[in-house]
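Asker: Contents of target-v1.pdb (PDB, C-alpha atoms, pLDDT in the B column):
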```pdb
ATOM      1  CA  MET O 274     -13.251  25.747  61.188  1.00 41.00           C
ATOM      2  CA  ASN O 275     -11.156  24.569  64.119  1.00 40.00           C
ATOM      3  CA  VAL O 276     -10.563  20.899  64.915  1.00 37.00           C
ATOM      4  CA  CYS O 277     -13.220  20.756  67.659  1.00 38.00           C
ATOM      5  CA  ASN O 278     -15.858  22.258  65.405  1.00 40.00           C
ATOM      6  CA  PHE O 279     -14.890  19.947  62.578  1.00 38.00           C
ATOM      7  CA  GLN O 280     -15.146  16.905  64.840  1.00 40.00           C
ATOM      8  CA  ALA O 281     -18.663  17.993  65.790  1.00 38.00           C
ATOM      9  CA  PHE O 282     -19.526  18.563  62.139  1.00 38.00           C
ATOM     10  CA  ARG O 283     -18.149  15.152  61.201  1.00 40.00           C
ATOM     11  CA  THR O 284     -20.180  13.427  63.929  1.00 35.00           C
ATOM     12  CA  ILE O 285     -23.376  15.167  62.847  1.00 35.00           C
ATOM     13  CA  VAL O 286     -22.822  14.268  59.207  1.00 38.00           C
ATOM     14  CA  LYS O 287     -22.185  10.609  60.002  1.00 38.00           C
ATOM     15  CA  SER O 288     -25.292  10.495  62.177  1.00 33.00           C
ATOM     16  CA  ALA O 289     -27.370  12.138  59.478  1.00 35.00           C
ATOM     17  CA  HIS O 290     -26.226   9.576  56.931  1.00 37.00           C
ATOM     18  CA  SER O 291     -26.977   6.696  59.312  1.00 30.00           C
ATOM     19  CA  TRP O 292     -30.357   7.930  60.540  1.00 29.00           C
ATOM     20  CA  ASN O 293     -31.471   9.960  57.483  1.00 34.00           C
ATOM     21  CA  LEU O 294     -32.488  12.835  59.747  1.00 33.00           C
ATOM     22  CA  PRO O 295     -35.284  15.112  58.487  1.00 35.00           C
ATOM     23  CA  TYR O 296     -34.867  18.854  58.176  1.00 36.00           C
ATOM     24  CA  SER O 297     -36.323  21.040  60.921  1.00 33.00           C
ATOM     25  CA  LEU O 298     -36.966  24.766  61.169  1.00 32.00           C
ATOM     26  CA  SER O 299     -35.702  24.704  64.741  1.00 33.00           C
ATOM     27  CA  LEU O 300     -32.278  23.491  63.576  1.00 39.00           C
ATOM     28  CA  MET O 301     -32.111  25.623  60.460  1.00 45.00           C
ATOM     29  CA  SER O 302     -29.499  28.368  60.147  1.00 58.00           C
ATOM     30  CA  THR O 303     -30.909  31.084  57.902  1.00 70.00           C
ATOM     31  CA  ILE O 304     -30.505  34.740  57.019  1.00 83.00           C
ATOM     32  CA  LYS O 305     -33.445  36.918  55.949  1.00 89.00           C
ATOM     33  CA  GLU O 306     -33.114  39.478  53.181  1.00 89.00           C
ATOM     34  CA  ARG O 307     -35.190  41.172  50.466  1.00 90.00           C
ATOM     35  CA  ALA O 308     -35.487  39.181  47.262  1.00 91.00           C
ATOM     36  CA  GLY O 309     -34.444  42.120  45.087  1.00 89.00           C
ATOM     37  CA  LYS O 310     -31.083  42.235  46.847  1.00 89.00           C
ATOM     38  CA  GLY O 311     -30.300  38.627  47.661  1.00 90.00           C
ATOM     39  CA  VAL O 312     -31.944  36.401  45.045  1.00 93.00           C
ATOM     40  CA  LYS O 313     -29.177  35.993  42.481  1.00 88.00           C
ATOM     41  CA  PRO O 314     -27.442  33.072  40.727  1.00 85.00           C
ATOM     42  CA  GLY O 315     -25.578  30.891  43.211  1.00 80.00           C
ATOM     43  CA  ALA O 316     -27.590  31.968  46.248  1.00 86.00           C
ATOM     44  CA  ALA O 317     -29.166  29.272  48.444  1.00 89.00           C
ATOM     45  CA  ILE O 318     -32.677  30.009  49.683  1.00 92.00           C
ATOM     46  CA  VAL O 319     -35.069  28.061  51.905  1.00 91.00           C
ATOM     47  CA  ILE O 320     -38.501  27.058  50.624  1.00 91.00           C
ATOM     48  CA  ASP O 321     -40.751  24.664  52.578  1.00 89.00           C
ATOM     49  CA  ASN O 322     -37.840  23.878  54.937  1.00 85.00           C
ATOM     50  CA  PHE O 323     -35.537  22.736  52.114  1.00 87.00           C
ATOM     51  CA  PRO O 324     -32.517  24.522  50.599  1.00 89.00           C
ATOM     52  CA  HIS O 325     -32.691  25.520  46.931  1.00 91.00           C
ATOM     53  CA  ARG O 326     -29.951  26.876  44.680  1.00 87.00           C
ATOM     54  CA  VAL O 327     -30.766  29.851  42.447  1.00 90.00           C
ATOM     55  CA  THR O 328     -29.491  28.902  38.982  1.00 85.00           C
ATOM     56  CA  LYS O 329     -30.881  31.755  36.871  1.00 89.00           C
ATOM     57  CA  ILE O 330     -32.886  34.959  37.363  1.00 93.00           C
ATOM     58  CA  THR O 331     -34.847  37.517  35.360  1.00 92.00           C
ATOM     59  CA  GLN O 332     -35.628  40.908  36.902  1.00 91.00           C
ATOM     60  CA  GLY O 333     -38.292  43.355  35.807  1.00 91.00           C
ATOM     61  CA  LYS O 334     -41.077  45.736  36.803  1.00 88.00           C
ATOM     62  CA  ARG O 335     -44.858  45.408  36.762  1.00 80.00           C
ATOM     63  CA  GLY O 336     -45.908  48.959  35.928  1.00 74.00           C
ATOM     64  CA  LYS O 337     -46.864  50.622  39.201  1.00 75.00           C
ATOM     65  CA  GLY O 338     -46.751  47.330  41.035  1.00 73.00           C
ATOM     66  CA  GLY O 339     -43.022  47.426  41.740  1.00 83.00           C
ATOM     67  CA  GLY O 340     -40.213  45.133  40.719  1.00 93.00           C
ATOM     68  CA  PHE O 341     -39.987  41.359  40.658  1.00 94.00           C
ATOM     69  CA  VAL O 342     -37.393  38.604  40.465  1.00 94.00           C
ATOM     70  CA  ARG O 343     -38.215  35.451  38.529  1.00 95.00           C
ATOM     71  CA  ALA O 344     -35.830  32.694  39.609  1.00 95.00           C
ATOM     72  CA  MET O 345     -35.092  29.189  38.422  1.00 94.00           C
ATOM     73  CA  LEU O 346     -34.499  27.068  41.528  1.00 94.00           C
ATOM     74  CA  LYS O 347     -32.937  23.672  42.111  1.00 89.00           C
ATOM     75  CA  ASN O 348     -33.841  21.652  45.208  1.00 88.00           C
ATOM     76  CA  LEU O 349     -30.485  20.688  46.753  1.00 83.00           C
ATOM     77  CA  THR O 350     -31.901  17.555  48.375  1.00 79.00           C
ATOM     78  CA  ASN O 351     -33.620  15.856  45.435  1.00 80.00           C
ATOM     79  CA  GLY O 352     -32.403  17.753  42.359  1.00 80.00           C
ATOM     80  CA  SER O 353     -35.847  18.879  41.163  1.00 88.00           C
ATOM     81  CA  CYS O 354     -36.051  22.257  39.370  1.00 91.00           C
ATOM     82  CA  PHE O 355     -38.850  24.789  39.125  1.00 94.00           C
ATOM     83  CA  GLU O 356     -39.483  28.488  38.609  1.00 96.00           C
ATOM     84  CA  LYS O 357     -40.693  30.916  41.272  1.00 95.00           C
ATOM     85  CA  THR O 358     -41.408  34.646  41.140  1.00 95.00           C
ATOM     86  CA  PHE O 359     -40.698  36.973  44.076  1.00 94.00           C
ATOM     87  CA  THR O 360     -41.584  40.626  44.522  1.00 92.00           C
ATOM     88  CA  SER O 361     -38.465  42.745  44.991  1.00 92.00           C
ATOM     89  CA  ASP O 362     -39.485  43.694  48.537  1.00 91.00           C
ATOM     90  CA  GLU O 363     -40.437  40.161  49.551  1.00 93.00           C
ATOM     91  CA  ILE O 364     -38.458  38.813  52.510  1.00 93.00           C
ATOM     92  CA  VAL O 365     -36.709  35.556  51.673  1.00 93.00           C
ATOM     93  CA  GLU O 366     -34.871  33.096  53.906  1.00 92.00           C
ATOM     94  CA  PHE O 367     -31.352  32.324  52.744  1.00 90.00           C
ATOM     95  CA  ALA O 368     -29.758  29.062  53.850  1.00 84.00           C
ATOM     96  CA  ASP O 369     -26.477  29.478  55.713  1.00 81.00           C
ATOM     97  CA  LEU O 370     -24.747  26.453  54.203  1.00 83.00           C
ATOM     98  CA  GLU O 371     -21.670  25.137  55.966  1.00 87.00           C
ATOM     99  CA  LYS O 372     -18.736  24.676  53.594  1.00 90.00           C
ATOM    100  CA  VAL O 373     -15.767  22.462  54.460  1.00 94.00           C
ATOM    101  CA  LYS O 374     -12.676  22.087  52.246  1.00 95.00           C
ATOM    102  CA  TYR O 375     -11.914  18.598  50.958  1.00 96.00           C
ATOM    103  CA  LYS O 376      -9.809  17.069  48.208  1.00 95.00           C
ATOM    104  CA  TYR O 377     -11.329  14.725  45.665  1.00 96.00           C
ATOM    105  CA  ILE O 378      -9.591  11.323  45.750  1.00 95.00           C
ATOM    106  CA  TYR O 379     -11.373   8.716  43.637  1.00 94.00           C
ATOM    107  CA  ARG O 380     -14.652   7.310  42.363  1.00 94.00           C
ATOM    108  CA  SER O 381     -16.084   3.847  43.041  1.00 94.00           C
ATOM    109  CA  SER O 382     -19.238   3.154  41.052  1.00 92.00           C
ATOM    110  CA  ASP O 383     -21.657   5.965  41.952  1.00 93.00           C
ATOM    111  CA  ASN O 384     -19.782   6.976  45.118  1.00 96.00           C
ATOM    112  CA  PHE O 385     -17.128   9.699  45.167  1.00 97.00           C
ATOM    113  CA  THR O 386     -14.555   9.805  47.970  1.00 96.00           C
ATOM    114  CA  PHE O 387     -13.173  13.069  49.355  1.00 96.00           C
ATOM    115  CA  MET O 388     -10.488  13.658  51.992  1.00 95.00           C
ATOM    116  CA  HIS O 389     -10.359  16.511  54.502  1.00 94.00           C
ATOM    117  CA  HIS O 390      -7.215  18.535  53.818  1.00 86.00           C
ATOM    118  CA  GLU O 391      -6.159  18.725  57.500  1.00 92.00           C
ATOM    119  CA  THR O 392      -7.514  15.659  59.321  1.00 94.00           C
ATOM    120  CA  PHE O 393      -7.321  13.277  56.313  1.00 94.00           C
ATOM    121  CA  GLU O 394     -10.799  12.059  57.213  1.00 94.00           C
ATOM    122  CA  GLU O 395     -12.437  10.467  54.157  1.00 95.00           C
ATOM    123  CA  MET O 396     -16.054  11.074  53.181  1.00 94.00           C
ATOM    124  CA  GLN O 397     -18.108   9.269  50.534  1.00 95.00           C
ATOM    125  CA  VAL O 398     -20.752  11.234  48.627  1.00 95.00           C
ATOM    126  CA  GLN O 399     -23.260   9.814  46.161  1.00 92.00           C
ATOM    127  CA  LYS O 400     -23.197  11.003  42.562  1.00 92.00           C
ATOM    128  CA  ASP O 401     -26.820  12.172  42.522  1.00 85.00           C
ATOM    129  CA  ILE O 402     -26.106  15.113  44.845  1.00 86.00           C
ATOM    130  CA  ILE O 403     -22.943  16.283  43.049  1.00 90.00           C
ATOM    131  CA  GLU O 404     -23.633  18.866  40.384  1.00 85.00           C
ATOM    132  CA  HIS O 405     -21.149  18.636  37.480  1.00 92.00           C
ATOM    133  CA  TRP O 406     -19.691  15.405  38.889  1.00 95.00           C
ATOM    134  CA  ASP O 407     -18.223  14.607  35.461  1.00 96.00           C
ATOM    135  CA  PHE O 408     -15.724  17.466  35.952  1.00 97.00           C
ATOM    136  CA  LEU O 409     -14.077  15.779  38.952  1.00 97.00           C
ATOM    137  CA  VAL O 410     -10.590  14.539  38.056  1.00 95.00           C
ATOM    138  CA  ASP O 411      -9.010  11.485  39.684  1.00 87.00           C
ATOM    139  CA  SER O 412      -5.467  11.692  41.093  1.00 77.00           C
ATOM    140  CA  GLU O 413      -5.112  15.492  40.856  1.00 80.00           C
ATOM    141  CA  ASP O 414      -6.175  16.327  44.436  1.00 84.00           C
ATOM    142  CA  MET O 415      -8.803  18.739  43.142  1.00 93.00           C
ATOM    143  CA  GLU O 416      -9.958  20.991  45.985  1.00 95.00           C
ATOM    144  CA  VAL O 417     -13.711  21.202  46.510  1.00 96.00           C
ATOM    145  CA  LYS O 418     -16.111  22.196  49.273  1.00 94.00           C
ATOM    146  CA  LEU O 419     -18.612  19.828  50.845  1.00 94.00           C
ATOM    147  CA  LEU O 420     -21.878  21.655  51.541  1.00 90.00           C
ATOM    148  CA  SER O 421     -23.919  20.749  54.607  1.00 87.00           C
ATOM    149  CA  PHE O 422     -27.321  21.948  55.751  1.00 81.00           C
ATOM    150  CA  ASN O 423     -28.732  21.053  59.165  1.00 77.00           C
ATOM    151  CA  GLY O 424     -25.872  18.598  59.658  1.00 80.00           C
ATOM    152  CA  ARG O 425     -26.340  16.760  56.371  1.00 83.00           C
ATOM    153  CA  VAL O 426     -24.103  16.815  53.287  1.00 89.00           C
ATOM    154  CA  ILE O 427     -26.289  18.033  50.418  1.00 85.00           C
ATOM    155  CA  GLY O 428     -23.771  18.796  47.717  1.00 87.00           C
ATOM    156  CA  VAL O 429     -20.235  19.396  46.522  1.00 92.00           C
ATOM    157  CA  GLU O 430     -19.034  22.762  45.244  1.00 91.00           C
ATOM    158  CA  LEU O 431     -16.409  22.443  42.513  1.00 94.00           C
ATOM    159  CA  PRO O 432     -13.990  25.262  41.626  1.00 93.00           C
ATOM    160  CA  ASN O 433     -15.433  27.968  39.375  1.00 92.00           C
ATOM    161  CA  THR O 434     -12.624  27.374  36.885  1.00 95.00           C
ATOM    162  CA  TYR O 435     -10.171  24.513  36.432  1.00 96.00           C
ATOM    163  CA  ASP O 436      -7.516  23.398  33.941  1.00 96.00           C
ATOM    164  CA  TYR O 437      -8.161  20.116  32.120  1.00 97.00           C
ATOM    165  CA  GLU O 438      -6.380  18.016  29.520  1.00 96.00           C
ATOM    166  CA  VAL O 439      -8.190  17.278  26.264  1.00 97.00           C
ATOM    167  CA  VAL O 440      -7.946  13.513  25.753  1.00 97.00           C
ATOM    168  CA  LYS O 441     -10.121  13.263  22.642  1.00 96.00           C
ATOM    169  CA  VAL O 442     -11.638  15.511  19.985  1.00 95.00           C
ATOM    170  CA  ASN O 443     -14.608  14.617  17.827  1.00 92.00           C
ATOM    171  CA  THR O 444     -14.630  16.549  14.563  1.00 86.00           C
ATOM    172  CA  ASP O 445     -17.932  14.863  13.611  1.00 85.00           C
ATOM    173  CA  LYS O 446     -19.560  17.076  16.254  1.00 83.00           C
ATOM    174  CA  SER O 447     -18.549  20.499  15.002  1.00 81.00           C
ATOM    175  CA  SER O 448     -20.172  23.841  14.247  1.00 85.00           C
ATOM    176  CA  ALA O 449     -19.148  27.492  13.822  1.00 86.00           C
ATOM    177  CA  GLY O 450     -15.427  26.856  14.232  1.00 92.00           C
ATOM    178  CA  GLN O 451     -15.837  24.522  17.211  1.00 95.00           C
ATOM    179  CA  HIS O 452     -15.723  20.805  17.802  1.00 95.00           C
ATOM    180  CA  SER O 453     -16.542  18.485  20.676  1.00 95.00           C
ATOM    181  CA  ALA O 454     -13.789  17.578  23.148  1.00 96.00           C
ATOM    182  CA  THR O 455     -13.586  14.997  25.918  1.00 97.00           C
ATOM    183  CA  LEU O 456     -11.653  16.097  28.995  1.00 97.00           C
ATOM    184  CA  ASN O 457      -9.537  13.944  31.293  1.00 96.00           C
ATOM    185  CA  SER O 458     -12.430  14.033  33.763  1.00 96.00           C
ATOM    186  CA  GLY O 459     -14.762  12.438  31.216  1.00 96.00           C
ATOM    187  CA  ALA O 460     -16.829  15.576  30.632  1.00 97.00           C
ATOM    188  CA  GLU O 461     -17.578  16.723  27.096  1.00 96.00           C
ATOM    189  CA  LEU O 462     -17.885  20.289  25.840  1.00 96.00           C
ATOM    190  CA  MET O 463     -17.386  22.388  22.726  1.00 96.00           C
ATOM    191  CA  VAL O 464     -13.953  23.963  22.184  1.00 97.00           C
ATOM    192  CA  PRO O 465     -12.411  26.024  19.347  1.00 96.00           C
ATOM    193  CA  SER O 466     -11.323  23.929  16.377  1.00 94.00           C
ATOM    194  CA  PHE O 467      -7.637  24.743  16.994  1.00 95.00           C
ATOM    195  CA  ILE O 468      -7.717  22.805  20.281  1.00 95.00           C
ATOM    196  CA  ALA O 469      -6.144  19.385  19.740  1.00 95.00           C
ATOM    197  CA  GLU O 470      -5.717  16.230  21.796  1.00 96.00           C
ATOM    198  CA  GLY O 471      -3.170  16.775  24.553  1.00 95.00           C
ATOM    199  CA  SER O 472      -3.984  20.483  24.943  1.00 96.00           C
ATOM    200  CA  ARG O 473      -4.650  21.930  28.382  1.00 96.00           C
ATOM    201  CA  VAL O 474      -7.698  24.189  28.570  1.00 97.00           C
ATOM    202  CA  LYS O 475      -9.248  26.400  31.226  1.00 97.00           C
ATOM    203  CA  VAL O 476     -12.942  25.658  31.739  1.00 97.00           C
ATOM    204  CA  ASN O 477     -15.780  27.428  33.549  1.00 95.00           C
ATOM    205  CA  VAL O 478     -17.052  24.378  35.412  1.00 94.00           C
ATOM    206  CA  HIS O 479     -20.417  25.769  36.506  1.00 87.00           C
ATOM    207  CA  GLU O 480     -21.270  26.925  32.978  1.00 88.00           C
ATOM    208  CA  ARG O 481     -19.614  23.900  31.365  1.00 93.00           C
ATOM    209  CA  ALA O 482     -17.859  26.246  28.954  1.00 95.00           C
ATOM    210  CA  TYR O 483     -14.375  26.607  27.442  1.00 97.00           C
ATOM    211  CA  LEU O 484     -12.580  29.814  28.473  1.00 96.00           C
ATOM    212  CA  GLU O 485      -9.083  29.697  26.995  1.00 96.00           C
ATOM    213  CA  LYS O 486      -5.967  27.601  26.562  1.00 94.00           C
ATOM    214  CA  ALA O 487      -4.293  27.027  29.906  1.00 92.00           C
ATOM    215  CA  GLN O 488      -1.238  29.207  30.447  1.00 80.00           C
ATOM    216  CA  GLY O 489       2.043  27.611  29.514  1.00 63.00           C
ATOM    217  CA  ARG O 490       0.372  25.132  27.154  1.00 53.00           C
TER     218      ARG O 490
END
```
As structure tokens - that is how I would like this structure written.

Answerer:
Amino acid sequence: MNVCNFQAFRTIVKSAHSWNLPYSLSLMSTIKERAGKGVKPGAAIVIDNFPHRVTKITQGKRGKGGGFVRAMLKNLTNGSCFEKTFTSDEIVEFADLEKVKYKYIYRSSDNFTFMHHETFEEMQVQKDIIEHWDFLVDSEDMEVKLLSFNGRVIGVELPNTYDYEVVKVNTDKSSAGQHSATLNSGAELMVPSFIAEGSRVKVNVHERAYLEKAQGR
């Protein structure tokens, strides 16, 4: 995004926050595609004028009736989740979300502050629209992407994987060769029992799962 486009984006976002603008089909940027091809985890689809994230799918066939995709959806504006089934040939609208790179700076109560990596413009985002907010790490300049839809910030996309420091282990919460660990972001997850305090670990943020010890640690 060039500077002029970013300035326009920034103005729209600020206006949307100030006026709480509603969504509108006339302003919506969408792409249409068959459900069997496009409905997959991570995709953003439009239902009733609102963007929804596909979190999980199950595909199958109904005898002679053709295939289907059963998807678990999360409303990106209010966080509600529900299940919806599409036929494989059904045409679905996919939201063309705008993504802008920012760096996470700090948290103040339930507000998280991010800084644009080129203009140094700061943006505050409320916790309730940040999925996996407990994996954000202060003072590490973690790169994220702010997601906007119809000129309104609706979420923050964290890296798929990230290296964290284990600041605490809880052997009271253990099973099958694993125990609970608290990361330097505050998030908790299960790690192998050989992981000790002070270790650096690579984590799949979106699945909230340990992957391996970080290289060089």

Asker: For this structure, which residues satisfy the selection - the PyMOL selection byres ((chain O and resi 314) around 7) - when it is evaluated on the file as given? I want them as a PDB file with C-alpha atoms, keeping the file's coordinate frame.

Answerer:
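The result, written out as part19.pdb:
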```pdb
ATOM      1  CA  LYS O 313     -29.177  35.993  42.481  1.00 88.00           C
ATOM      2  CA  GLY O 315     -25.578  30.891  43.211  1.00 80.00           C
ATOM      3  CA  ALA O 316     -27.590  31.968  46.248  1.00 86.00           C
ATOM      4  CA  VAL O 327     -30.766  29.851  42.447  1.00 90.00           C
ATOM      5  CA  THR O 328     -29.491  28.902  38.982  1.00 85.00           C
ATOM      6  CA  LYS O 329     -30.881  31.755  36.871  1.00 89.00           C
ATOM      7  CA  ILE O 330     -32.886  34.959  37.363  1.00 93.00           C
TER       8      ILE O 330
END
```

Asker: Give me the result of the PyMOL selection byres ((chain O and resi 418) around 10) on this file, residue by residue, as a CSV table (one decimal) with C-alpha atoms, in the coordinates of the input.

Answerer:
```csv
chain,number,residue,atom,x,y,z
O,371,GLU,CA,-21.7,25.1,56.0
O,372,LYS,CA,-18.7,24.7,53.6
O,373,VAL,CA,-15.8,22.5,54.5
O,374,LYS,CA,-12.7,22.1,52.2
O,375,TYR,CA,-11.9,18.6,51.0
O,376,LYS,CA,-9.8,17.1,48.2
O,377,TYR,CA,-11.3,14.7,45.7
O,387,PHE,CA,-13.2,13.1,49.4
O,389,HIS,CA,-10.4,16.5,54.5
O,416,GLU,CA,-10.0,21.0,46.0
O,417,VAL,CA,-13.7,21.2,46.5
O,419,LEU,CA,-18.6,19.8,50.8
O,420,LEU,CA,-21.9,21.7,51.5
O,421,SER,CA,-23.9,20.7,54.6
O,428,GLY,CA,-23.8,18.8,47.7
O,429,VAL,CA,-20.2,19.4,46.5
O,430,GLU,CA,-19.0,22.8,45.2
O,431,LEU,CA,-16.4,22.4,42.5
O,432,PRO,CA,-14.0,25.3,41.6
```

Asker: Go ahead and compute the interatomic distance for atom CA of O:Phe341 and atom CA of O:Lys310, in Å to one decimal.

Answerer: 10.9 Å

Asker: Could you tell me, as an MDAnalysis selection string, exactly which residues end up selected when the PyMOL selection byres ((chain O and resi 350) around 8) is applied to this structure?

Answerer: chainID O and resid 323:324 348:349 351:352 402 427

Asker: Of the residues O:Thr303, O:Ser412, O:Asn477, O:Asp407, which is the one nearest to O:Glu461, using all atoms listed in the file?

Answerer: O:Asp407

Asker: Please identify all polymer residues lying at most 12 Å from the point (-14.6, 21.7, 25.7) (file coordinates), using only C-alpha atoms, and present the result as a PDB file with C-alpha atoms, in the frame of the given file.

Answerer:
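New file selection38.pdb:
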```pdb
ATOM      1  CA  PHE O 408     -15.724  17.466  35.952  1.00 97.00           C
ATOM      2  CA  TYR O 435     -10.171  24.513  36.432  1.00 96.00           C
ATOM      3  CA  ASP O 436      -7.516  23.398  33.941  1.00 96.00           C
ATOM      4  CA  TYR O 437      -8.161  20.116  32.120  1.00 97.00           C
ATOM      5  CA  GLU O 438      -6.380  18.016  29.520  1.00 96.00           C
ATOM      6  CA  VAL O 439      -8.190  17.278  26.264  1.00 97.00           C
ATOM      7  CA  VAL O 440      -7.946  13.513  25.753  1.00 97.00           C
ATOM      8  CA  LYS O 441     -10.121  13.263  22.642  1.00 96.00           C
ATOM      9  CA  VAL O 442     -11.638  15.511  19.985  1.00 95.00           C
ATOM     10  CA  ASN O 443     -14.608  14.617  17.827  1.00 92.00           C
ATOM     11  CA  LYS O 446     -19.560  17.076  16.254  1.00 83.00           C
ATOM     12  CA  SER O 447     -18.549  20.499  15.002  1.00 81.00           C
ATOM     13  CA  GLN O 451     -15.837  24.522  17.211  1.00 95.00           C
ATOM     14  CA  HIS O 452     -15.723  20.805  17.802  1.00 95.00           C
ATOM     15  CA  SER O 453     -16.542  18.485  20.676  1.00 95.00           C
ATOM     16  CA  ALA O 454     -13.789  17.578  23.148  1.00 96.00           C
ATOM     17  CA  THR O 455     -13.586  14.997  25.918  1.00 97.00           C
ATOM     18  CA  LEU O 456     -11.653  16.097  28.995  1.00 97.00           C
ATOM     19  CA  ASN O 457      -9.537  13.944  31.293  1.00 96.00           C
ATOM     20  CA  SER O 458     -12.430  14.033  33.763  1.00 96.00           C
ATOM     21  CA  GLY O 459     -14.762  12.438  31.216  1.00 96.00           C
ATOM     22  CA  ALA O 460     -16.829  15.576  30.632  1.00 97.00           C
ATOM     23  CA  GLU O 461     -17.578  16.723  27.096  1.00 96.00           C
ATOM     24  CA  LEU O 462     -17.885  20.289  25.840  1.00 96.00           C
ATOM     25  CA  MET O 463     -17.386  22.388  22.726  1.00 96.00           C
ATOM     26  CA  VAL O 464     -13.953  23.963  22.184  1.00 97.00           C
ATOM     27  CA  PRO O 465     -12.411  26.024  19.347  1.00 96.00           C
ATOM     28  CA  SER O 466     -11.323  23.929  16.377  1.00 94.00           C
ATOM     29  CA  PHE O 467      -7.637  24.743  16.994  1.00 95.00           C
ATOM     30  CA  ILE O 468      -7.717  22.805  20.281  1.00 95.00           C
ATOM     31  CA  ALA O 469      -6.144  19.385  19.740  1.00 95.00           C
ATOM     32  CA  GLU O 470      -5.717  16.230  21.796  1.00 96.00           C
ATOM     33  CA  SER O 472      -3.984  20.483  24.943  1.00 96.00           C
ATOM     34  CA  ARG O 473      -4.650  21.930  28.382  1.00 96.00           C
ATOM     35  CA  VAL O 474      -7.698  24.189  28.570  1.00 97.00           C
ATOM     36  CA  LYS O 475      -9.248  26.400  31.226  1.00 97.00           C
ATOM     37  CA  VAL O 476     -12.942  25.658  31.739  1.00 97.00           C
ATOM     38  CA  ASN O 477     -15.780  27.428  33.549  1.00 95.00           C
ATOM     39  CA  VAL O 478     -17.052  24.378  35.412  1.00 94.00           C
ATOM     40  CA  GLU O 480     -21.270  26.925  32.978  1.00 88.00           C
ATOM     41  CA  ARG O 481     -19.614  23.900  31.365  1.00 93.00           C
ATOM     42  CA  ALA O 482     -17.859  26.246  28.954  1.00 95.00           C
ATOM     43  CA  TYR O 483     -14.375  26.607  27.442  1.00 97.00           C
ATOM     44  CA  LEU O 484     -12.580  29.814  28.473  1.00 96.00           C
ATOM     45  CA  GLU O 485      -9.083  29.697  26.995  1.00 96.00           C
ATOM     46  CA  LYS O 486      -5.967  27.601  26.562  1.00 94.00           C
TER      47      LYS O 486
END
```

Asker: Give me the residues near O:Gly339 as a PDB file with C-alpha atoms, keeping the file's coordinate frame, where near means some atom within 8 Å (using only C-alpha atoms) and where sequence neighbours in that chain fewer than 4 positions away do not count.

Answerer:
```pdb
ATOM      1  CA  LYS O 334     -41.077  45.736  36.803  1.00 88.00           C
ATOM      2  CA  ARG O 335     -44.858  45.408  36.762  1.00 80.00           C
ATOM      3  CA  THR O 360     -41.584  40.626  44.522  1.00 92.00           C
ATOM      4  CA  SER O 361     -38.465  42.745  44.991  1.00 92.00           C
TER       5      SER O 361
END
```

Asker: Which neighbours of O:Arg343 fall inside 8 Å, counting all atoms listed in the file, when residues of the same chain fewer than 5 positions from it are skipped, and could you give them as a list of chain:residue names?

Answerer: O:Ile330, O:Thr331, O:Gln332, O:Glu356, O:Lys357, O:Thr358, O:Phe359

Asker: Go ahead and compute the interatomic distance for atom CA of O:Glu391 and atom CA of O:Glu413, in Å to one decimal.

Answerer: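 Separation of atom CA of O:Glu391 and atom CA of O:Glu413: 17.0 Å.
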
Asker: Please compute the atom CA of O:His479-atom CA of O:His405 distance, one decimal, in Å.

Answerer: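 Atom-to-atom, atom CA of O:His479 to atom CA of O:His405, that is 7.2 Å.
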
Asker: Select, from O:Met415, O:Val426, O:Ile318, O:Ile304, the residue with the minimum atom-to-atom distance to O:Met388, counting all atoms listed in the file.

Answerer: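 The answer is O:Met415, which sits nearest to O:Met388.
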
Asker: From the options O:Asp401, O:Glu363, O:Asp411, O:Glu394, which residue's atoms come nearest to O:Tyr379, counting all atoms listed in the file?

Answerer: O:Asp411
